[in-house]
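First comes the structure, then the notes that go with it.
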There are 2 protein chains.
Amino acid sequence: MPSLKDVADLAGVGVGTVSRVINNHPNVRNETREKVNAAIKQLNYIPNEVARNFKMQKSTMVALLLPSIWHPFFSELAYYIEDELDREGYKLMLCNSGGRPDKELYYLDMLNQNKVAGIIGITYNDIEDSVSTDIPIISIDRHFGKKITCVTSDNYTGGRIALKELIKAGAKKVAYLGITSSAYSEVELRKKGFIDEAKAQGIEYIIYEENDTVYNDDEYFENFFKIKEHRHISGVFANTDLLAAKYIDKAKQYGTRTPEDVKVIGYDGIQDNKLFHPILSTIRQPVEEMARMSVKLLLRKIEGKTLEQEIYRIPVMFREGETT
Amino acid sequence: MPSLKDVADLAGVGVGTVSRVINNHPNVRNETREKVNAAIKQLNYIPNEVARNFKMQKSTMVALLLPSIWHPFFSELAYYIEDELDREGYKLMLCNSGGRPDKELYYLDMLNQNKVAGIIGITYNDIEDSVSTDIPIISIDRHFGKKITCVTSDNYTGGRIALKELIKAGAKKVAYLGITSSAYSEVELRKKGFIDEAKAQGIEYIIYEENDTVYNDDEYFENFFKIKEHRHISGVFANTDLLAAKYIDKAKQYGTRTPEDVKVIGYDGIQDNKLFHPILSTIRQPVEEMARMSVKLLLRKIEGKTLEQEIYRIPVMFREGETT
């Protein structure tokens, strides 16, 4: 492989001049620039990016922190983030943080050392204390505060739509089923939208939640169905698709059929393969739009621009399946 | 952030000496090494990895090339590869090549320039011509020849197991359904195992295939069911789970029920969520073992070691679902 020195020798200039040409330094005469470029072409010289990064202290790598790439929502998100980064000439470093603070902080260190240009992340730990304002980080789904820009789906409107669709499908008495987490502040808005719309429509509703620190599938639903009035619910909005699918499965054991006895709506849209049933009625996350928006905002931060908003909420839509 | 110069000043040595200590150069006196390490500790100095890579021409980044991270098989694979790399102190760069040769060759260039330490990939293009023997690349599922080590599931045995399980479930006349691709040489062994076992057992079998260049869902199954004798098949081995699920769906339209009229086995094990039906009976890919083995073999190649085998085949197992 030809070296910088080979290029310099062929062009009859110094190594520093070749470096200035490669890095588009303005202080090079056109004649010299042409000689260097001709030599680069003749030798098929490829500038060493590691060396260039070293000089320019600039990385073209963006780290994506996810709890687990294995989850279908996250893998779809990663797919579009990589695609958008690729269009912009950036590369993606993937990290399954699994909620481990040490792994998350490690990548934050890399950012501080210019080893990555920015971070897009679904983080479980409060990293806000460790970062300064305007650091190139975009958070997805979790809003930490002013320091970290957040991209989410419009959870509040999603909750309102869910209530409306349950009513439209014929439900008279509705329930919100959720698993709460202190970190999931934005997801809480699904519940708020649901409640506000139920109040606006004068519909009776139940809120049933457990914290993820104590959550257990069997106990959650056992406790739910133990309460007699819960068996007369005719509409359920579960705050994730997975919870909706579990509810449908458990309800069947109690003789409650979906959608005959109860209409069920989830949130996410992870299961869109029509070959597997039930195909869930759901509030579909605008995953592609969230991914591309996250990259666009991150690149603006990397360029040093200030963003207009703290939170960017992407509109959601109802997708009808077999459960309403 | 403290610089190398700050460390050197505090330790009362030159910058070059600090650099030698950081890079574990043997030519440093113990006393000096201790002084430098004390200064590093006192200042909380973090060596710049970009700079170190520049000096050492060594990357700790491994590129993973996948057709699409969105596919559940690939996202599970990526999950375990990242986990295994993380244990070994390596980081993962993710690339959805989508079968685009330019993207694949781009990462090959990065490898040639030491910007990545190695590549693990499911590649669609014949990259063998572009690489030299012993270059740190591990191919998954596709065997290109001597130059690139390949890790796959034991496709041949998988085909044999599928035939045996269909017979065990009561099938009398069996069919292999496949979509062929010139690149998928290892997958062809699923068919070979199936045929060999059918012959050994003296069972009547049908091979039904179309090439992926002309494949179309509707036509594929229309042509299949048009042939009258195909409707009397009582056992189907589809060479992927997705094809198995499609077959089940189409067969239903022709009045053929699964598993009452026909037993169906797929290959992959992508659908392991018991909340969605049908839960496929399948030959489960040993995804975790394939991922960890790929990383182990790649690291040995990076260390310059020669591997004993060209192909590493990981044992598979039958997983019973609702379709046999």
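Order determines the names: the first chain of the structure tokens is A, the second B, and so forth; residues in each chain are numbered 1 upward, and ligands are numbered 1 upward as they are shown.
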B:Ile22: which residues within 10 Å, counting only C-alpha atoms, same-chain residues fewer than 3 positions away excluded, as a PyMOL selection string?
-> chain B and resi 16-19+25+33+36-37+40+47+52
Chain A near chain B within 8 Å: what's each residue's closest atom pair and its distance in Å to one decimal, counting only C-alpha atoms, ordered by chain then ascending residue number, as a Markdown table?
```
| residue | atom | partner | partner_atom | distance |
| --- | --- | --- | --- | --- |
| A:Asn48 | CA | B:Gln113 | CA | 6.7 |
| A:Glu49 | CA | B:Lys115 | CA | 7.3 |
| A:Val50 | CA | B:Phe54 | CA | 6.0 |
| A:Ala51 | CA | B:Phe54 | CA | 5.7 |
| A:Asn53 | CA | B:Val50 | CA | 7.3 |
| A:Phe54 | CA | B:Ala51 | CA | 5.7 |
| A:Ser68 | CA | B:Tyr79 | CA | 6.8 |
| A:Ile69 | CA | B:Tyr79 | CA | 5.7 |
| A:Trp70 | CA | B:Glu76 | CA | 4.9 |
| A:His71 | CA | B:Ser75 | CA | 7.8 |
| A:Pro72 | CA | B:Pro72 | CA | 7.0 |
| A:Ser75 | CA | B:Trp70 | CA | 5.0 |
| A:Glu76 | CA | B:Trp70 | CA | 4.9 |
| A:Ala78 | CA | B:Ile69 | CA | 7.2 |
| A:Tyr79 | CA | B:Ile69 | CA | 5.7 |
| A:Glu82 | CA | B:Cys95 | CA | 7.0 |
| A:Asp83 | CA | B:Asn96 | CA | 7.5 |
| A:Lys91 | CA | B:Met93 | CA | 7.3 |
| A:Leu92 | CA | B:Leu94 | CA | 5.6 |
| A:Met93 | CA | B:Met93 | CA | 4.3 |
| A:Leu94 | CA | B:Leu92 | CA | 5.6 |
| A:Cys95 | CA | B:Glu82 | CA | 7.0 |
| A:Asn96 | CA | B:Tyr79 | CA | 7.1 |
| A:Gln113 | CA | B:Asn48 | CA | 6.7 |
| A:Lys115 | CA | B:Val50 | CA | 6.6 |
| A:Ala245 | CA | B:Leu275 | CA | 6.1 |
| A:Lys246 | CA | B:Leu275 | CA | 6.7 |
| A:Asp249 | CA | B:Leu275 | CA | 6.6 |
| A:Leu275 | CA | B:Ala245 | CA | 6.1 |
| A:Phe276 | CA | B:His277 | CA | 5.1 |
| A:His277 | CA | B:His277 | CA | 4.9 |
| A:Pro278 | CA | B:Phe276 | CA | 6.2 |
```
Generate the output file for the selected residues, N, CA and C atoms, as a CSV table (one decimal), in the first residue's frame.
```
chain,number,residue,atom,x,y,z
A,48,ASN,N,-5.2,7.3,5.2
A,48,ASN,CA,-5.5,6.5,6.4
A,48,ASN,C,-6.4,7.3,7.4
A,49,GLU,N,-7.6,6.8,7.6
A,49,GLU,CA,-8.6,7.5,8.3
A,49,GLU,C,-8.2,7.7,9.8
A,50,VAL,N,-7.6,6.6,10.3
A,50,VAL,CA,-7.2,6.7,11.7
A,50,VAL,C,-6.3,7.9,11.9
A,51,ALA,N,-5.3,8.0,10.9
A,51,ALA,CA,-4.3,9.1,11.0
A,51,ALA,C,-5.0,10.4,10.8
A,53,ASN,N,-8.2,11.1,11.5
A,53,ASN,CA,-9.0,11.4,12.7
A,53,ASN,C,-8.1,12.0,13.8
A,54,PHE,N,-6.9,11.4,13.8
A,54,PHE,CA,-5.9,11.8,14.8
A,54,PHE,C,-5.6,13.3,14.7
A,68,SER,N,-31.3,-4.0,24.1
A,68,SER,CA,-31.0,-5.3,23.4
A,68,SER,C,-31.4,-5.2,22.0
A,69,ILE,N,-30.5,-5.5,21.1
A,69,ILE,CA,-30.8,-5.4,19.6
A,69,ILE,C,-31.7,-6.6,19.3
A,70,TRP,N,-31.9,-7.5,20.1
A,70,TRP,CA,-32.7,-8.7,19.9
A,70,TRP,C,-34.2,-8.4,19.8
A,71,HIS,N,-34.6,-7.3,20.5
A,71,HIS,CA,-36.0,-6.9,20.6
A,71,HIS,C,-36.4,-6.3,19.2
A,72,PRO,N,-37.5,-6.8,18.7
A,72,PRO,CA,-37.9,-6.4,17.3
A,72,PRO,C,-38.0,-4.8,17.2
A,75,SER,N,-34.4,-3.6,16.9
A,75,SER,CA,-33.7,-4.0,15.6
A,75,SER,C,-34.3,-3.2,14.4
A,76,GLU,N,-35.6,-2.9,14.4
A,76,GLU,CA,-36.1,-2.1,13.4
A,76,GLU,C,-35.5,-0.7,13.4
A,78,ALA,N,-32.7,0.2,14.8
A,78,ALA,CA,-31.2,0.2,14.4
A,78,ALA,C,-31.1,0.1,12.9
A,79,TYR,N,-32.0,-0.6,12.3
A,79,TYR,CA,-32.0,-0.7,10.8
A,79,TYR,C,-32.0,0.6,10.1
A,82,GLU,N,-29.0,3.0,11.0
A,82,GLU,CA,-27.8,2.7,10.2
A,82,GLU,C,-28.0,3.2,8.8
A,83,ASP,N,-29.1,3.0,8.3
A,83,ASP,CA,-29.4,3.5,6.9
A,83,ASP,C,-29.2,5.0,6.8
A,91,LYS,N,-20.7,6.0,10.4
A,91,LYS,CA,-20.8,4.5,10.6
A,91,LYS,C,-21.4,4.3,12.0
A,92,LEU,N,-22.0,3.1,12.2
A,92,LEU,CA,-22.7,2.9,13.4
A,92,LEU,C,-21.9,1.9,14.3
A,93,MET,N,-21.8,2.2,15.6
A,93,MET,CA,-21.2,1.3,16.5
A,93,MET,C,-22.4,0.9,17.4
A,94,LEU,N,-22.5,-0.4,17.6
A,94,LEU,CA,-23.7,-0.9,18.3
A,94,LEU,C,-23.3,-1.4,19.7
A,95,CYS,N,-24.1,-1.1,20.6
A,95,CYS,CA,-23.8,-1.5,22.0
A,95,CYS,C,-25.1,-1.9,22.7
A,96,ASN,N,-25.2,-3.2,23.1
A,96,ASN,CA,-26.3,-3.7,23.9
A,96,ASN,C,-26.0,-3.3,25.3
A,113,GLN,N,-13.9,11.7,24.7
A,113,GLN,CA,-12.5,11.6,24.1
A,113,GLN,C,-12.5,11.7,22.6
A,115,LYS,N,-13.8,9.8,20.5
A,115,LYS,CA,-13.7,8.5,19.7
A,115,LYS,C,-14.9,8.2,19.0
A,245,ALA,N,-50.5,-9.0,24.2
A,245,ALA,CA,-50.5,-10.4,23.8
A,245,ALA,C,-50.6,-11.3,25.0
A,246,LYS,N,-49.9,-10.9,26.1
A,246,LYS,CA,-50.0,-11.7,27.3
A,246,LYS,C,-51.4,-11.7,27.9
A,249,ASP,N,-53.7,-13.9,26.0
A,249,ASP,CA,-53.4,-15.3,26.3
A,249,ASP,C,-54.0,-15.7,27.7
A,275,LEU,N,-48.7,-13.7,9.2
A,275,LEU,CA,-48.7,-15.2,9.2
A,275,LEU,C,-48.9,-15.7,10.6
A,276,PHE,N,-48.7,-14.9,11.6
A,276,PHE,CA,-48.8,-15.3,13.0
A,276,PHE,C,-49.9,-14.5,13.7
A,277,HIS,N,-50.7,-15.3,14.5
A,277,HIS,CA,-51.9,-14.7,15.1
A,277,HIS,C,-51.9,-14.8,16.6
A,278,PRO,N,-52.6,-13.9,17.4
A,278,PRO,CA,-53.4,-12.9,16.8
A,278,PRO,C,-52.5,-11.7,16.2
```
Counting only C-alpha atoms, figure out which residue out of A:Asp241, A:Asp102, A:Glu204, A:Glu322 gets nearest to A:Ile270.
-> A:Asp241
Filtered DSSP result for stretch 249-310 of chain A, state alpha helix (DSSP H), as a list in words = Asp249, Lys250, Ala251, Lys252, Gln253, Val287, Glu288, Glu289, Met290, Ala291, Arg292, Met293, Ser294, Val295, Lys296, Leu297, Leu298, Leu299, Arg300, Lys301 and Ile302 of chain A
Write down as a short mmCIF file (atom, residue, chain, number, x, y, z; two decimals) with N, CA, C and O atoms, in the first residue's frame the residues belonging to stretch 165-211 of chain A that are assigned strand (DSSP E or B) by DSSP computed on the backbone.
```cif
data_model
loop_
_atom_site.label_atom_id
_atom_site.label_comp_id
_atom_site.auth_asym_id
_atom_site.auth_seq_id
_atom_site.Cartn_x
_atom_site.Cartn_y
_atom_site.Cartn_z
N VAL A 174 -63.61 0.24 30.11
CA VAL A 174 -62.25 0.05 29.60
C VAL A 174 -61.20 0.06 30.71
O VAL A 174 -61.43 0.60 31.79
N ALA A 175 -60.08 -0.57 30.39
CA ALA A 175 -58.96 -0.61 31.34
C ALA A 175 -57.65 -0.27 30.64
O ALA A 175 -57.45 -0.61 29.48
N TYR A 176 -56.79 0.40 31.40
CA TYR A 176 -55.42 0.64 30.95
C TYR A 176 -54.54 -0.31 31.73
O TYR A 176 -54.58 -0.34 32.97
N LEU A 177 -53.76 -1.13 31.02
CA LEU A 177 -52.84 -2.05 31.68
C LEU A 177 -51.42 -1.57 31.43
O LEU A 177 -51.03 -1.36 30.27
N GLY A 178 -50.66 -1.44 32.49
CA GLY A 178 -49.30 -0.94 32.30
C GLY A 178 -48.29 -1.56 33.23
O GLY A 178 -48.63 -2.14 34.26
N ILE A 179 -47.04 -1.48 32.80
CA ILE A 179 -45.93 -1.79 33.69
C ILE A 179 -45.16 -0.49 33.80
O ILE A 179 -44.77 0.09 32.78
N THR A 180 -44.99 -0.01 35.00
CA THR A 180 -44.34 1.29 35.15
C THR A 180 -42.85 1.14 35.44
O THR A 180 -42.40 0.12 35.94
N TYR A 205 -63.43 3.98 33.52
CA TYR A 205 -62.14 3.34 33.21
C TYR A 205 -61.44 2.87 34.47
O TYR A 205 -61.71 3.34 35.58
N ILE A 206 -60.53 1.93 34.25
CA ILE A 206 -59.72 1.37 35.33
C ILE A 206 -58.25 1.51 34.96
O ILE A 206 -57.89 1.32 33.79
N ILE A 207 -57.42 1.84 35.92
CA ILE A 207 -55.97 1.87 35.68
C ILE A 207 -55.36 0.74 36.49
O ILE A 207 -55.58 0.65 37.71
N TYR A 208 -54.65 -0.15 35.83
CA TYR A 208 -54.05 -1.29 36.53
C TYR A 208 -52.57 -1.34 36.19
O TYR A 208 -52.19 -1.54 35.03
N GLU A 209 -51.72 -1.12 37.19
CA GLU A 209 -50.27 -1.04 36.94
C GLU A 209 -49.47 -1.76 38.02
O GLU A 209 -49.92 -1.88 39.15
N GLU A 210 -48.28 -2.18 37.60
CA GLU A 210 -47.32 -2.68 38.57
C GLU A 210 -45.95 -2.16 38.16
O GLU A 210 -45.71 -1.93 36.98
N ASN A 211 -45.07 -1.98 39.12
CA ASN A 211 -43.74 -1.49 38.80
C ASN A 211 -42.86 -2.64 38.28
O ASN A 211 -43.00 -3.77 38.72
#
```
